[in-house]
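Colleague: After the structure tokens below, expect a handful of questions from me.
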Amino acid sequence: MKATVLVRPKPGILDPQGEAVESALGHLGFSVADARVGKVIDLEVEAADAAEARTQVERMCEQLLANPLIESYEVEIGG
Amino acid sequence: MASPQPRIGVVSYPGSQDDRDALWALAALDAEAVPVWHDEPELPDLDAVVLPGGFSYGDYLRCGAIARFSPATAATCEFAAAGGLVLGICNGFQVLCEAGLLPGILLRNESLRFVCRDVELTVERDDLPFTARCRPAQRLVIPVKHGDGRYLPPPGLDPRQVVLRYVDNPNGSVDDVAGVCNEAGNVMGLMPHPEHAVDPLLGSDDGAFLLASLVDAARDRVLAAA
């Protein structure tokens, strides 16, 4: 079963990468604000159903894929 | 009787770079420096452990995040839980934070640039096994070399856990923090590299204040056990 994890810097955490991207977009003439850079992790999970896959992937997020001090995550199953 | 040589292990992960410098520096300060391979599920008989700098496991995902799962890290966590002395330098500091042995996390430098230069530090705690040779509020000159050294403490960190601060902050660390310890004071991490500053030929020997303190403390443990 396919799963996708979105990892984002939490609000309030300084994200210099996001600031650099925002500034570069400004140089290209785009008017943007609040750019934040996160990660996408695509996985193929062995699970009986979507609920089990979600439980597994959320455990992965808590143990490794995200650091709760600085990052929030969202899990999408299937698709 | 000659004073005993304490045995201090240095863990080598895939991607560690400063393990040999740490071994050299500890031997120069009269410890028996013991290389420890990351794959070893049990530590040899040691009086202290050093996790060195570098880019363990390519620093993939987050710095130190993968090294945290290596067998030698698990063994180091057990060693620390039993009161053993553990020092993490640079990437080793990042590993100790990811492993939960030290509070907080190290993030990308605010400048997004790798910094590699001597920095001045202020000693905030001179009563730890890692700093006992320092004078109160002593200034130390020790090099940093990192891209991810911006320290972010957890909410409510006890200020007594801050061991070293930058005089001129090179990376955007919150409150200029350069090194922290755990509540018990037997585990410490720092971004600067004391192992690169133990001989005046290298520009500074101030790193020896920290590493020789560790060697002293490890030796005291040998004597206490004898």
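Chain labels run A, B, ... following the order of the structure tokens; each chain numbers its residues from 1, and ligands are numbered from 1 in the order shown.
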Using only C-alpha atoms, determine which residues lie at most 6 Å from Asp18 in chain B, disregarding the query and same-chain residues fewer than 2 positions distant; provide the list as a ChimeraX atom specification.

Modeller: /B:20-21,52-53

Colleague: Can you tell me, as a PDB file with N, CA and C atoms, in the first residue's frame, which residues in chain A count as alpha helix (DSSP H) by DSSP?

Modeller:
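The resulting file, selection-v1.pdb, is reproduced below:
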```
ATOM      1  N   PRO A  16      15.517  28.981   7.770  1.00  0.00           N
ATOM      2  CA  PRO A  16      16.339  29.796   6.861  1.00  0.00           C
ATOM      3  C   PRO A  16      16.245  29.331   5.411  1.00  0.00           C
ATOM      4  N   GLN A  17      16.015  28.017   5.200  1.00  0.00           N
ATOM      5  CA  GLN A  17      15.847  27.529   3.822  1.00  0.00           C
ATOM      6  C   GLN A  17      14.620  28.172   3.184  1.00  0.00           C
ATOM      7  N   GLY A  18      13.516  28.206   3.942  1.00  0.00           N
ATOM      8  CA  GLY A  18      12.301  28.836   3.453  1.00  0.00           C
ATOM      9  C   GLY A  18      12.536  30.311   3.134  1.00  0.00           C
ATOM     10  N   GLU A  19      13.296  30.980   4.011  1.00  0.00           N
ATOM     11  CA  GLU A  19      13.578  32.404   3.787  1.00  0.00           C
ATOM     12  C   GLU A  19      14.408  32.600   2.520  1.00  0.00           C
ATOM     13  N   ALA A  20      15.374  31.691   2.292  1.00  0.00           N
ATOM     14  CA  ALA A  20      16.219  31.804   1.095  1.00  0.00           C
ATOM     15  C   ALA A  20      15.382  31.585  -0.166  1.00  0.00           C
ATOM     16  N   VAL A  21      14.468  30.619  -0.119  1.00  0.00           N
ATOM     17  CA  VAL A  21      13.600  30.341  -1.265  1.00  0.00           C
ATOM     18  C   VAL A  21      12.689  31.541  -1.524  1.00  0.00           C
ATOM     19  N   GLU A  22      12.151  32.085  -0.450  1.00  0.00           N
ATOM     20  CA  GLU A  22      11.265  33.245  -0.585  1.00  0.00           C
ATOM     21  C   GLU A  22      12.003  34.425  -1.223  1.00  0.00           C
ATOM     22  N   SER A  23      13.235  34.642  -0.772  1.00  0.00           N
ATOM     23  CA  SER A  23      14.017  35.752  -1.312  1.00  0.00           C
ATOM     24  C   SER A  23      14.353  35.513  -2.785  1.00  0.00           C
ATOM     25  N   ALA A  24      14.669  34.248  -3.147  1.00  0.00           N
ATOM     26  CA  ALA A  24      14.990  33.944  -4.545  1.00  0.00           C
ATOM     27  C   ALA A  24      13.760  34.134  -5.429  1.00  0.00           C
ATOM     28  N   LEU A  25      12.585  33.739  -4.924  1.00  0.00           N
ATOM     29  CA  LEU A  25      11.351  33.942  -5.700  1.00  0.00           C
ATOM     30  C   LEU A  25      11.086  35.437  -5.885  1.00  0.00           C
ATOM     31  N   GLY A  26      11.403  36.212  -4.846  1.00  0.00           N
ATOM     32  CA  GLY A  26      11.263  37.669  -4.950  1.00  0.00           C
ATOM     33  C   GLY A  26      12.144  38.229  -6.055  1.00  0.00           C
ATOM     34  N   HIS A  27      13.384  37.684  -6.154  1.00  0.00           N
ATOM     35  CA  HIS A  27      14.296  38.153  -7.210  1.00  0.00           C
ATOM     36  C   HIS A  27      13.767  37.829  -8.598  1.00  0.00           C
ATOM     37  N   ALA A  50      -6.010   0.143   4.972  1.00  0.00           N
ATOM     38  CA  ALA A  50      -5.529   1.517   5.076  1.00  0.00           C
ATOM     39  C   ALA A  50      -5.343   1.940   6.533  1.00  0.00           C
ATOM     40  N   ALA A  51      -6.225   1.479   7.410  1.00  0.00           N
ATOM     41  CA  ALA A  51      -6.133   1.873   8.816  1.00  0.00           C
ATOM     42  C   ALA A  51      -4.842   1.342   9.441  1.00  0.00           C
ATOM     43  N   GLU A  52      -4.528   0.070   9.109  1.00  0.00           N
ATOM     44  CA  GLU A  52      -3.303  -0.512   9.665  1.00  0.00           C
ATOM     45  C   GLU A  52      -2.075   0.211   9.110  1.00  0.00           C
ATOM     46  N   ALA A  53      -2.135   0.529   7.806  1.00  0.00           N
ATOM     47  CA  ALA A  53      -1.014   1.237   7.181  1.00  0.00           C
ATOM     48  C   ALA A  53      -0.816   2.590   7.856  1.00  0.00           C
ATOM     49  N   ARG A  54      -1.911   3.273   8.117  1.00  0.00           N
ATOM     50  CA  ARG A  54      -1.812   4.595   8.752  1.00  0.00           C
ATOM     51  C   ARG A  54      -1.188   4.493  10.149  1.00  0.00           C
ATOM     52  N   THR A  55      -1.636   3.492  10.918  1.00  0.00           N
ATOM     53  CA  THR A  55      -1.076   3.307  12.267  1.00  0.00           C
ATOM     54  C   THR A  55       0.430   3.088  12.195  1.00  0.00           C
ATOM     55  N   GLN A  56       0.824   2.214  11.240  1.00  0.00           N
ATOM     56  CA  GLN A  56       2.262   1.920  11.089  1.00  0.00           C
ATOM     57  C   GLN A  56       3.049   3.174  10.730  1.00  0.00           C
ATOM     58  N   VAL A  57       2.533   3.928   9.748  1.00  0.00           N
ATOM     59  CA  VAL A  57       3.287   5.092   9.264  1.00  0.00           C
ATOM     60  C   VAL A  57       3.339   6.174  10.344  1.00  0.00           C
ATOM     61  N   GLU A  58       2.275   6.305  11.118  1.00  0.00           N
ATOM     62  CA  GLU A  58       2.320   7.291  12.204  1.00  0.00           C
ATOM     63  C   GLU A  58       3.371   6.902  13.239  1.00  0.00           C
ATOM     64  N   ARG A  59       3.530   5.600  13.491  1.00  0.00           N
ATOM     65  CA  ARG A  59       4.584   5.164  14.416  1.00  0.00           C
ATOM     66  C   ARG A  59       5.961   5.480  13.845  1.00  0.00           C
ATOM     67  N   MET A  60       6.097   5.293  12.515  1.00  0.00           N
ATOM     68  CA  MET A  60       7.385   5.624  11.865  1.00  0.00           C
ATOM     69  C   MET A  60       7.698   7.102  12.038  1.00  0.00           C
TER      70      MET A  60
END
```

Colleague: Using only C-alpha atoms, can you tell me which of B:Asn186, B:Ser111, B:Ser213, B:Gln17 comes closest to chain A?

Modeller: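 The shortest atom-to-atom distance to chain A comes from B:Ser111.
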
Colleague: Could you list, as a ChimeraX atom specification, every residue of chain B that has an atom within 12 Å of an atom of chain A, counting only C-alpha atoms?

Modeller: /B:60-69,97-100,103-113,148,150-155,171-174

Colleague: Ranking B:Ala28, B:Val123, B:Leu214, B:Ala74 by minimum distance to Asp176 in chain B and counting only C-alpha atoms, which one comes first?

Modeller: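 For Asp176 in chain B, the nearest of the candidates is B:Val123.
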
Colleague: Could you tell me, as a ChimeraX atom specification, which residues of chain A DSSP assigns to strand (DSSP E or B) when given the backbone?

Modeller: /A:2-9,39-44,71-77

Colleague: Would you kindly return, as a tab-separated table (two decimals) with C-alpha atoms, in the first residue's frame, each protein, DNA or RNA residue with an atom no farther than 8 Å from any atom of Phe93 in chain B, considering only C-alpha atoms and excluding same-chain residues fewer than 3 positions away?

Modeller:
```
chain	number	residue	atom	x	y	z
B	51	LEU	CA	30.99	10.19	19.95
B	87	LEU	CA	30.93	13.28	25.40
B	88	GLY	CA	29.47	14.05	21.97
B	89	ILE	CA	31.39	16.38	19.68
B	90	CYS	CA	29.64	18.06	16.72
B	96	LEU	CA	23.05	12.40	21.54
B	97	CYS	CA	20.20	14.89	20.95
B	188	MET	CA	27.71	16.46	27.46
B	189	GLY	CA	27.57	17.58	23.85
B	190	LEU	CA	29.20	20.52	22.10
B	191	MET	CA	29.51	21.77	18.52
```

Colleague: At a cut-off of 6 Å, using only C-alpha atoms, what residues contact Ser72 in chain A? Leave out same-chain residues fewer than 5 positions from it and give the result as a VMD selection string.

Modeller: chain A and resid 7 to 8 10

Colleague: Find the residue from B:Arg7, B:Arg221, B:His146, B:Arg125 that sits nearest to Val163 in chain B; use only C-alpha atoms when measuring.

Modeller: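 Counting only C-alpha atoms, the residue closest to Val163 in chain B is B:Arg125.
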